[in-house]
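Shown here: structure22.pdb, PDB, C-alpha atoms.
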MODEL        1
ATOM      1  CA  MET J   1       7.999 -10.066  12.730  1.00  0.00           C
ATOM      2  CA  ALA J   2       6.575  -7.267  14.852  1.00  0.00           C
ATOM      3  CA  LEU J   3       8.242  -4.644  12.677  1.00  0.00           C
ATOM      4  CA  ALA J   4       6.786  -6.285   9.569  1.00  0.00           C
ATOM      5  CA  ALA J   5       3.338  -5.976  11.154  1.00  0.00           C
ATOM      6  CA  VAL J   6       3.959  -2.283  11.947  1.00  0.00           C
ATOM      7  CA  PHE J   7       5.023  -1.595   8.361  1.00  0.00           C
ATOM      8  CA  LEU J   8       2.068  -3.589   7.034  1.00  0.00           C
ATOM      9  CA  GLY J   9      -0.436  -1.660   9.135  1.00  0.00           C
ATOM     10  CA  SER J  10       1.108   1.708   8.411  1.00  0.00           C
ATOM     11  CA  GLY J  11       1.397   0.963   4.694  1.00  0.00           C
ATOM     12  CA  ILE J  12      -2.270   0.047   4.501  1.00  0.00           C
ATOM     13  CA  VAL J  13      -3.298   3.239   6.304  1.00  0.00           C
ATOM     14  CA  HIS J  14      -1.110   5.303   3.949  1.00  0.00           C
ATOM     15  CA  LEU J  15      -3.004   3.873   0.981  1.00  0.00           C
ATOM     16  CA  VAL J  16      -6.529   3.718   2.417  1.00  0.00           C
ATOM     17  CA  ARG J  17      -6.579   6.916   4.504  1.00  0.00           C
ATOM     18  CA  PRO J  18      -3.769   9.151   3.198  1.00  0.00           C
ATOM     19  CA  GLN J  19      -5.365  12.228   4.760  1.00  0.00           C
ATOM     20  CA  VAL J  20      -4.238  10.910   8.157  1.00  0.00           C
ATOM     21  CA  PHE J  21      -0.654  11.753   7.171  1.00  0.00           C
ATOM     22  CA  ALA J  22      -1.295  15.061   5.410  1.00  0.00           C
ATOM     23  CA  SER J  23      -0.980  17.150   8.575  1.00  0.00           C
ATOM     24  CA  ILE J  24       2.472  15.799   9.449  1.00  0.00           C
ATOM     25  CA  MET J  25       4.059  16.405   6.065  1.00  0.00           C
ATOM     26  CA  PRO J  26       7.037  18.729   6.528  1.00  0.00           C
ATOM     27  CA  ARG J  27       6.127  22.213   5.409  1.00  0.00           C
ATOM     28  CA  ALA J  28       9.397  22.406   3.464  1.00  0.00           C
ATOM     29  CA  ILE J  29       7.904  19.945   0.961  1.00  0.00           C
ATOM     30  CA  PRO J  30       5.572  21.671  -1.517  1.00  0.00           C
ATOM     31  CA  GLU J  31       1.954  20.700  -0.903  1.00  0.00           C
ATOM     32  CA  GLU J  32       1.436  19.497  -4.468  1.00  0.00           C
ATOM     33  CA  HIS J  33       3.843  16.615  -3.718  1.00  0.00           C
ATOM     34  CA  HIS J  34       2.234  15.497  -0.446  1.00  0.00           C
ATOM     35  CA  SER J  35      -0.249  12.973  -1.844  1.00  0.00           C
ATOM     36  CA  ASN J  36       2.285  11.265  -4.097  1.00  0.00           C
ATOM     37  CA  LEU J  37       4.803  11.009  -1.261  1.00  0.00           C
ATOM     38  CA  ILE J  38       2.205   9.629   1.142  1.00  0.00           C
ATOM     39  CA  TYR J  39       1.134   6.952  -1.355  1.00  0.00           C
ATOM     40  CA  ALA J  40       4.741   6.143  -2.272  1.00  0.00           C
ATOM     41  CA  SER J  41       5.772   5.744   1.358  1.00  0.00           C
ATOM     42  CA  GLY J  42       2.791   3.440   1.890  1.00  0.00           C
ATOM     43  CA  VAL J  43       3.870   1.221  -0.997  1.00  0.00           C
ATOM     44  CA  VAL J  44       7.460   1.197   0.250  1.00  0.00           C
ATOM     45  CA  GLU J  45       6.282   0.242   3.750  1.00  0.00           C
ATOM     46  CA  LEU J  46       4.303  -2.675   2.290  1.00  0.00           C
ATOM     47  CA  VAL J  47       7.372  -3.824   0.353  1.00  0.00           C
ATOM     48  CA  CYS J  48       9.473  -3.581   3.517  1.00  0.00           C
ATOM     49  CA  ALA J  49       6.849  -5.559   5.439  1.00  0.00           C
ATOM     50  CA  ALA J  50       6.985  -8.338   2.855  1.00  0.00           C
ATOM     51  CA  GLY J  51      10.777  -8.352   2.851  1.00  0.00           C
ATOM     52  CA  LEU J  52      10.985  -8.433   6.642  1.00  0.00           C
ATOM     53  CA  ALA J  53       8.431 -11.252   6.851  1.00  0.00           C
ATOM     54  CA  ARG J  54      10.450 -13.257   4.329  1.00  0.00           C
ATOM     55  CA  ARG J  55      13.755 -12.260   5.979  1.00  0.00           C
ATOM     56  CA  THR J  56      15.252 -11.165   2.676  1.00  0.00           C
ATOM     57  CA  ARG J  57      18.741  -9.679   2.606  1.00  0.00           C
ATOM     58  CA  TRP J  58      17.624  -6.238   1.426  1.00  0.00           C
ATOM     59  CA  ALA J  59      14.738  -5.770   3.888  1.00  0.00           C
ATOM     60  CA  ALA J  60      16.758  -4.475   6.855  1.00  0.00           C
ATOM     61  CA  ALA J  61      18.529  -1.799   4.800  1.00  0.00           C
ATOM     62  CA  ALA J  62      15.318  -0.830   2.997  1.00  0.00           C
ATOM     63  CA  SER J  63      13.432  -0.587   6.293  1.00  0.00           C
ATOM     64  CA  ILE J  64      16.091   1.599   7.875  1.00  0.00           C
ATOM     65  CA  ALA J  65      16.149   3.823   4.777  1.00  0.00           C
ATOM     66  CA  THR J  66      12.356   4.095   4.948  1.00  0.00           C
ATOM     67  CA  LEU J  67      12.481   5.034   8.628  1.00  0.00           C
ATOM     68  CA  ALA J  68      15.075   7.701   7.830  1.00  0.00           C
ATOM     69  CA  ALA J  69      12.970   9.024   4.942  1.00  0.00           C
ATOM     70  CA  VAL J  70       9.833   9.434   7.056  1.00  0.00           C
ATOM     71  CA  PHE J  71      11.700  10.809  10.079  1.00  0.00           C
ATOM     72  CA  PRO J  72      11.169  14.453   8.999  1.00  0.00           C
ATOM     73  CA  ALA J  73       7.390  13.861   9.114  1.00  0.00           C
ATOM     74  CA  ASN J  74       7.745  12.519  12.655  1.00  0.00           C
ATOM     75  CA  VAL J  75       9.760  15.605  13.604  1.00  0.00           C
ATOM     76  CA  GLN J  76       7.083  17.849  12.055  1.00  0.00           C
ATOM     77  CA  MET J  77       4.435  15.989  14.046  1.00  0.00           C
ATOM     78  CA  ALA J  78       6.414  16.523  17.261  1.00  0.00           C
ATOM     79  CA  LEU J  79       6.933  20.226  16.534  1.00  0.00           C
ATOM     80  CA  ASP J  80       3.212  20.677  15.846  1.00  0.00           C
ATOM     81  CA  ALA J  81       2.024  18.606  18.841  1.00  0.00           C
ATOM     82  CA  GLY J  82      -0.384  20.452  21.075  1.00  0.00           C
ATOM     83  CA  THR J  83      -1.202  23.073  18.443  1.00  0.00           C
ATOM     84  CA  GLY J  84      -4.256  21.281  17.066  1.00  0.00           C
ATOM     85  CA  ARG J  85      -2.591  20.816  13.669  1.00  0.00           C
ATOM     86  CA  ASN J  86      -2.146  17.051  14.214  1.00  0.00           C
ATOM     87  CA  ARG J  87      -5.105  14.701  14.337  1.00  0.00           C
ATOM     88  CA  GLY J  88      -5.959  12.276  17.121  1.00  0.00           C
ATOM     89  CA  PRO J  89      -3.353  10.920  19.522  1.00  0.00           C
ATOM     90  CA  SER J  90      -0.508  12.434  17.506  1.00  0.00           C
ATOM     91  CA  ASP J  91      -1.551  15.857  18.807  1.00  0.00           C
ATOM     92  CA  SER J  92      -0.339  14.751  22.239  1.00  0.00           C
ATOM     93  CA  ARG J  93       3.163  16.054  22.919  1.00  0.00           C
ATOM     94  CA  ALA J  94       4.062  12.848  24.793  1.00  0.00           C
ATOM     95  CA  VAL J  95       2.953  10.651  21.892  1.00  0.00           C
ATOM     96  CA  ALA J  96       4.526  12.806  19.196  1.00  0.00           C
ATOM     97  CA  TRP J  97       7.890  13.258  20.936  1.00  0.00           C
ATOM     98  CA  GLY J  98       7.867   9.620  22.094  1.00  0.00           C
ATOM     99  CA  ARG J  99       7.735   8.453  18.485  1.00  0.00           C
ATOM    100  CA  LEU J 100      11.136   9.980  17.700  1.00  0.00           C
ATOM    101  CA  PRO J 101      13.289   7.611  19.799  1.00  0.00           C
ATOM    102  CA  LEU J 102      10.971   4.773  18.782  1.00  0.00           C
ATOM    103  CA  GLN J 103      12.427   5.135  15.283  1.00  0.00           C
ATOM    104  CA  LEU J 104      15.794   3.968  16.665  1.00  0.00           C
ATOM    105  CA  VAL J 105      14.136   0.944  18.251  1.00  0.00           C
ATOM    106  CA  MET J 106      12.487   0.150  14.940  1.00  0.00           C
ATOM    107  CA  ALA J 107      15.836   0.458  13.108  1.00  0.00           C
ATOM    108  CA  TRP J 108      17.381  -1.925  15.647  1.00  0.00           C
ATOM    109  CA  ALA J 109      14.485  -4.345  15.070  1.00  0.00           C
ATOM    110  CA  ALA J 110      15.135  -4.170  11.329  1.00  0.00           C
ATOM    111  CA  LEU J 111      18.765  -5.114  11.900  1.00  0.00           C
ATOM    112  CA  GLN J 112      17.656  -8.054  14.030  1.00  0.00           C
ATOM    113  CA  ALA J 113      15.499  -9.308  11.152  1.00  0.00           C
ATOM    114  CA  ARG J 114      18.468  -9.823   8.866  1.00  0.00           C
ATOM    115  CA  PRO J 115      18.873 -13.407   7.705  1.00  0.00           C
ATOM    116  CA  GLU J 116      21.669 -15.367   9.341  1.00  0.00           C
ATOM    117  CA  ARG J 117      24.779 -15.850   7.267  1.00  0.00           C
ATOM    118  CA  ASP J 118      25.705 -19.357   6.260  1.00  0.00           C
TER     119      ASP J 118
ENDMDL
END
Would you kindly transcribe this structure into structure tokens?
Amino acid sequence: MALAAVFLGSGIVHLVRPQVFASIMPRAIPEEHHSNLIYASGVVELVCAAGLARRTRWAAAASIATLAAVFPANVQMALDAGTGRNRGPSDSRAVAWGRLPLQLVMAWAALQARPERD
């Protein structure tokens, strides 16, 4: 349930304050696609949150795929940490680099949320 709450919170922020994520978009992605990708990832995170909360069969795989899809943004944030390009706590090298292994913990949590087989 904790991972569902994380996805819920992050999904809401993606939709309400997309500019928060603009600075961590990988520079390899053309800037004209940033907004659409930020909104899309927010919607996907909300869908994953709902699936995890309901313990649906697809939610673990979808959550892991989502974590993999946003991983490049987390890497970009870590590479830019301390340069002033990131906003708020994500400009801290410790925070930015600490998020990378946290993605593995979140993937493990998604696997734990799978429904039990009958």
Just say which residues the PyMOL selection byres ((chain J and resi 66) around 10) picks in this file, as a VMD selection string. chain J and resid 7 41 44 to 45 48 60 to 65 67 to 71 107
Residues near region 11-15 of chain J, anyone? I mean within 7 Å using only C-alpha atoms, not counting same-chain ones fewer than 3 positions away, as a ChimeraX atom specification. /J:7-8,18,38-39,42-43,45-46
Output file for the selection above: C-alpha atoms, as a PDB file, in the frame of the given file:
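Okay, this is what ended up in result-v3.pdb:
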ATOM      1  CA  PHE J   7       5.023  -1.595   8.361  1.00  0.00           C
ATOM      2  CA  LEU J   8       2.068  -3.589   7.034  1.00  0.00           C
ATOM      3  CA  PRO J  18      -3.769   9.151   3.198  1.00  0.00           C
ATOM      4  CA  ILE J  38       2.205   9.629   1.142  1.00  0.00           C
ATOM      5  CA  TYR J  39       1.134   6.952  -1.355  1.00  0.00           C
ATOM      6  CA  GLY J  42       2.791   3.440   1.890  1.00  0.00           C
ATOM      7  CA  VAL J  43       3.870   1.221  -0.997  1.00  0.00           C
ATOM      8  CA  GLU J  45       6.282   0.242   3.750  1.00  0.00           C
ATOM      9  CA  LEU J  46       4.303  -2.675   2.290  1.00  0.00           C
TER      10      LEU J  46
END
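Our summary of the geometry notes that CA of Leu52 (chain J) is positioned 22.7 Å from CA of Ala73 (chain J).
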Report as JSON the centre and the edge lengths, in Å to one decimal, of the axis-aligned box holding every listed atom of region 47-51 of chain J, padded by 3 Å on each side.
{"center_x": 8.8, "center_y": -6.0, "center_z": 2.9, "size_x": 9.9, "size_y": 10.8, "size_z": 11.1}
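For the pair CA of Arg87 (chain J) and CA of Ala2 (chain J), the separation is 24.9 Å.
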For CA of Arg99 (chain J) and CA of His33 (chain J), quote the distance in Å rounded to one decimal. 24.0 Å
Answer key for the PyMOL selection byres ((chain J and resi 78) around 9), residues as a ChimeraX atom specification: /J:24,73-77,79-82,90-100
Selection to disk with C-alpha atoms, as an mmCIF file, in the frame of the given file:
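For reference, result_39.cif as written:
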data_model
loop_
_atom_site.group_PDB
_atom_site.id
_atom_site.type_symbol
_atom_site.label_atom_id
_atom_site.label_comp_id
_atom_site.auth_asym_id
_atom_site.auth_seq_id
_atom_site.Cartn_x
_atom_site.Cartn_y
_atom_site.Cartn_z
ATOM 1 C CA ILE J 24 2.472 15.799 9.449
ATOM 2 C CA ALA J 73 7.390 13.861 9.114
ATOM 3 C CA ASN J 74 7.745 12.519 12.655
ATOM 4 C CA VAL J 75 9.760 15.605 13.604
ATOM 5 C CA GLN J 76 7.083 17.849 12.055
ATOM 6 C CA MET J 77 4.435 15.989 14.046
ATOM 7 C CA LEU J 79 6.933 20.226 16.534
ATOM 8 C CA ASP J 80 3.212 20.677 15.846
ATOM 9 C CA ALA J 81 2.024 18.606 18.841
ATOM 10 C CA GLY J 82 -0.384 20.452 21.075
ATOM 11 C CA SER J 90 -0.508 12.434 17.506
ATOM 12 C CA ASP J 91 -1.551 15.857 18.807
ATOM 13 C CA SER J 92 -0.339 14.751 22.239
ATOM 14 C CA ARG J 93 3.163 16.054 22.919
ATOM 15 C CA ALA J 94 4.062 12.848 24.793
ATOM 16 C CA VAL J 95 2.953 10.651 21.892
ATOM 17 C CA ALA J 96 4.526 12.806 19.196
ATOM 18 C CA TRP J 97 7.890 13.258 20.936
ATOM 19 C CA GLY J 98 7.867 9.620 22.094
ATOM 20 C CA ARG J 99 7.735 8.453 18.485
ATOM 21 C CA LEU J 100 11.136 9.980 17.700
#
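Of the listed residues J:Pro89, J:Ala5, J:Pro115, J:Pro72, the one whose atoms come nearest to Ile29 (chain J) is J:Pro72, with distances taken using all atoms listed in the file.
Closest to Arg85 (chain J) among J:Val20, J:Val47, J:Leu3, J:Ala40 is J:Val20, based on all atoms listed in the file.
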List the neighbours of Glu116 (chain J) out to 12 Å using only C-alpha atoms; skip same-chain residues closer than 5 positions along the sequence, and give me the result as a count of residues only. 4
Missing atoms in region 18-42 of chain J: can you complete it with N, CA, C and O atoms, as a JSON list (two decimals), keeping the file's coordinate frame?
[["chain", "number", "residue", "atom", "x", "y", "z"],
["J", 18, "PRO", "N", -4.95, 8.29, 3.30],
["J", 18, "PRO", "CA", -3.77, 9.15, 3.20],
["J", 18, "PRO", "C", -3.92, 10.48, 3.93],
["J", 18, "PRO", "O", -2.92, 11.07, 4.36],
["J", 19, "GLN", "N", -5.15, 10.95, 4.08],
["J", 19, "GLN", "CA", -5.36, 12.23, 4.76],
["J", 19, "GLN", "C", -4.87, 12.21, 6.20],
["J", 19, "GLN", "O", -4.56, 13.26, 6.77],
["J", 20, "VAL", "N", -4.75, 11.03, 6.79],
["J", 20, "VAL", "CA", -4.24, 10.91, 8.16],
["J", 20, "VAL", "C", -2.82, 11.48, 8.25],
["J", 20, "VAL", "O", -2.43, 12.04, 9.27],
["J", 21, "PHE", "N", -2.06, 11.34, 7.16],
["J", 21, "PHE", "CA", -0.65, 11.75, 7.17],
["J", 21, "PHE", "C", -0.43, 13.16, 6.61],
["J", 21, "PHE", "O", 0.67, 13.68, 6.69],
["J", 22, "ALA", "N", -1.46, 13.75, 6.04],
["J", 22, "ALA", "CA", -1.30, 15.06, 5.41],
["J", 22, "ALA", "C", -0.82, 16.13, 6.40],
["J", 22, "ALA", "O", 0.02, 16.96, 6.06],
["J", 23, "SER", "N", -1.32, 16.09, 7.61],
["J", 23, "SER", "CA", -0.98, 17.15, 8.57],
["J", 23, "SER", "C", 0.45, 17.07, 9.09],
["J", 23, "SER", "O", 0.97, 18.04, 9.62],
["J", 24, "ILE", "N", 1.10, 15.92, 8.93],
["J", 24, "ILE", "CA", 2.47, 15.80, 9.45],
["J", 24, "ILE", "C", 3.52, 15.94, 8.36],
["J", 24, "ILE", "O", 4.72, 15.82, 8.64],
["J", 25, "MET", "N", 3.09, 16.20, 7.14],
["J", 25, "MET", "CA", 4.06, 16.40, 6.06],
["J", 25, "MET", "C", 4.88, 17.65, 6.38],
["J", 25, "MET", "O", 4.33, 18.70, 6.74],
["J", 26, "PRO", "N", 6.20, 17.55, 6.27],
["J", 26, "PRO", "CA", 7.04, 18.73, 6.53],
["J", 26, "PRO", "C", 6.64, 19.89, 5.61],
["J", 26, "PRO", "O", 6.40, 19.69, 4.42],
["J", 27, "ARG", "N", 6.54, 21.05, 6.18],
["J", 27, "ARG", "CA", 6.13, 22.21, 5.41],
["J", 27, "ARG", "C", 7.15, 22.62, 4.35],
["J", 27, "ARG", "O", 6.84, 23.36, 3.43],
["J", 28, "ALA", "N", 8.38, 22.11, 4.47],
["J", 28, "ALA", "CA", 9.40, 22.41, 3.46],
["J", 28, "ALA", "C", 9.12, 21.69, 2.14],
["J", 28, "ALA", "O", 9.65, 22.08, 1.11],
["J", 29, "ILE", "N", 8.26, 20.67, 2.18],
["J", 29, "ILE", "CA", 7.90, 19.94, 0.96],
["J", 29, "ILE", "C", 6.67, 20.61, 0.36],
["J", 29, "ILE", "O", 5.65, 20.75, 1.05],
["J", 30, "PRO", "N", 6.73, 21.02, -0.90],
["J", 30, "PRO", "CA", 5.57, 21.67, -1.52],
["J", 30, "PRO", "C", 4.32, 20.79, -1.43],
["J", 30, "PRO", "O", 4.38, 19.58, -1.64],
["J", 31, "GLU", "N", 3.20, 21.42, -1.14],
["J", 31, "GLU", "CA", 1.95, 20.70, -0.90],
["J", 31, "GLU", "C", 1.51, 19.85, -2.10],
["J", 31, "GLU", "O", 0.91, 18.80, -1.92],
["J", 32, "GLU", "N", 1.86, 20.27, -3.30],
["J", 32, "GLU", "CA", 1.44, 19.50, -4.47],
["J", 32, "GLU", "C", 2.11, 18.12, -4.54],
["J", 32, "GLU", "O", 1.68, 17.25, -5.29],
["J", 33, "HIS", "N", 3.16, 17.91, -3.74],
["J", 33, "HIS", "CA", 3.84, 16.61, -3.72],
["J", 33, "HIS", "C", 3.39, 15.72, -2.56],
["J", 33, "HIS", "O", 3.77, 14.55, -2.51],
["J", 34, "HIS", "N", 2.61, 16.24, -1.64],
["J", 34, "HIS", "CA", 2.23, 15.50, -0.45],
["J", 34, "HIS", "C", 1.55, 14.17, -0.75],
["J", 34, "HIS", "O", 1.95, 13.13, -0.24],
["J", 35, "SER", "N", 0.52, 14.20, -1.57],
["J", 35, "SER", "CA", -0.25, 12.97, -1.84],
["J", 35, "SER", "C", 0.63, 11.89, -2.45],
["J", 35, "SER", "O", 0.59, 10.74, -2.02],
["J", 36, "ASN", "N", 1.42, 12.26, -3.46],
["J", 36, "ASN", "CA", 2.28, 11.26, -4.10],
["J", 36, "ASN", "C", 3.28, 10.68, -3.11],
["J", 36, "ASN", "O", 3.54, 9.47, -3.13],
["J", 37, "LEU", "N", 3.84, 11.50, -2.25],
["J", 37, "LEU", "CA", 4.80, 11.01, -1.26],
["J", 37, "LEU", "C", 4.13, 10.12, -0.22],
["J", 37, "LEU", "O", 4.72, 9.12, 0.22],
["J", 38, "ILE", "N", 2.93, 10.46, 0.17],
["J", 38, "ILE", "CA", 2.20, 9.63, 1.14],
["J", 38, "ILE", "C", 1.91, 8.26, 0.54],
["J", 38, "ILE", "O", 2.14, 7.22, 1.17],
["J", 39, "TYR", "N", 1.41, 8.23, -0.69],
["J", 39, "TYR", "CA", 1.13, 6.95, -1.36],
["J", 39, "TYR", "C", 2.42, 6.16, -1.58],
["J", 39, "TYR", "O", 2.47, 4.95, -1.33],
["J", 40, "ALA", "N", 3.47, 6.84, -2.02],
["J", 40, "ALA", "CA", 4.74, 6.14, -2.27],
["J", 40, "ALA", "C", 5.30, 5.54, -0.99],
["J", 40, "ALA", "O", 5.78, 4.40, -0.99],
["J", 41, "SER", "N", 5.25, 6.29, 0.10],
["J", 41, "SER", "CA", 5.77, 5.74, 1.36],
["J", 41, "SER", "C", 4.93, 4.56, 1.83],
["J", 41, "SER", "O", 5.45, 3.61, 2.40],
["J", 42, "GLY", "N", 3.63, 4.58, 1.55],
["J", 42, "GLY", "CA", 2.79, 3.44, 1.89],
["J", 42, "GLY", "C", 3.19, 2.20, 1.12],
["J", 42, "GLY", "O", 3.29, 1.10, 1.68]]
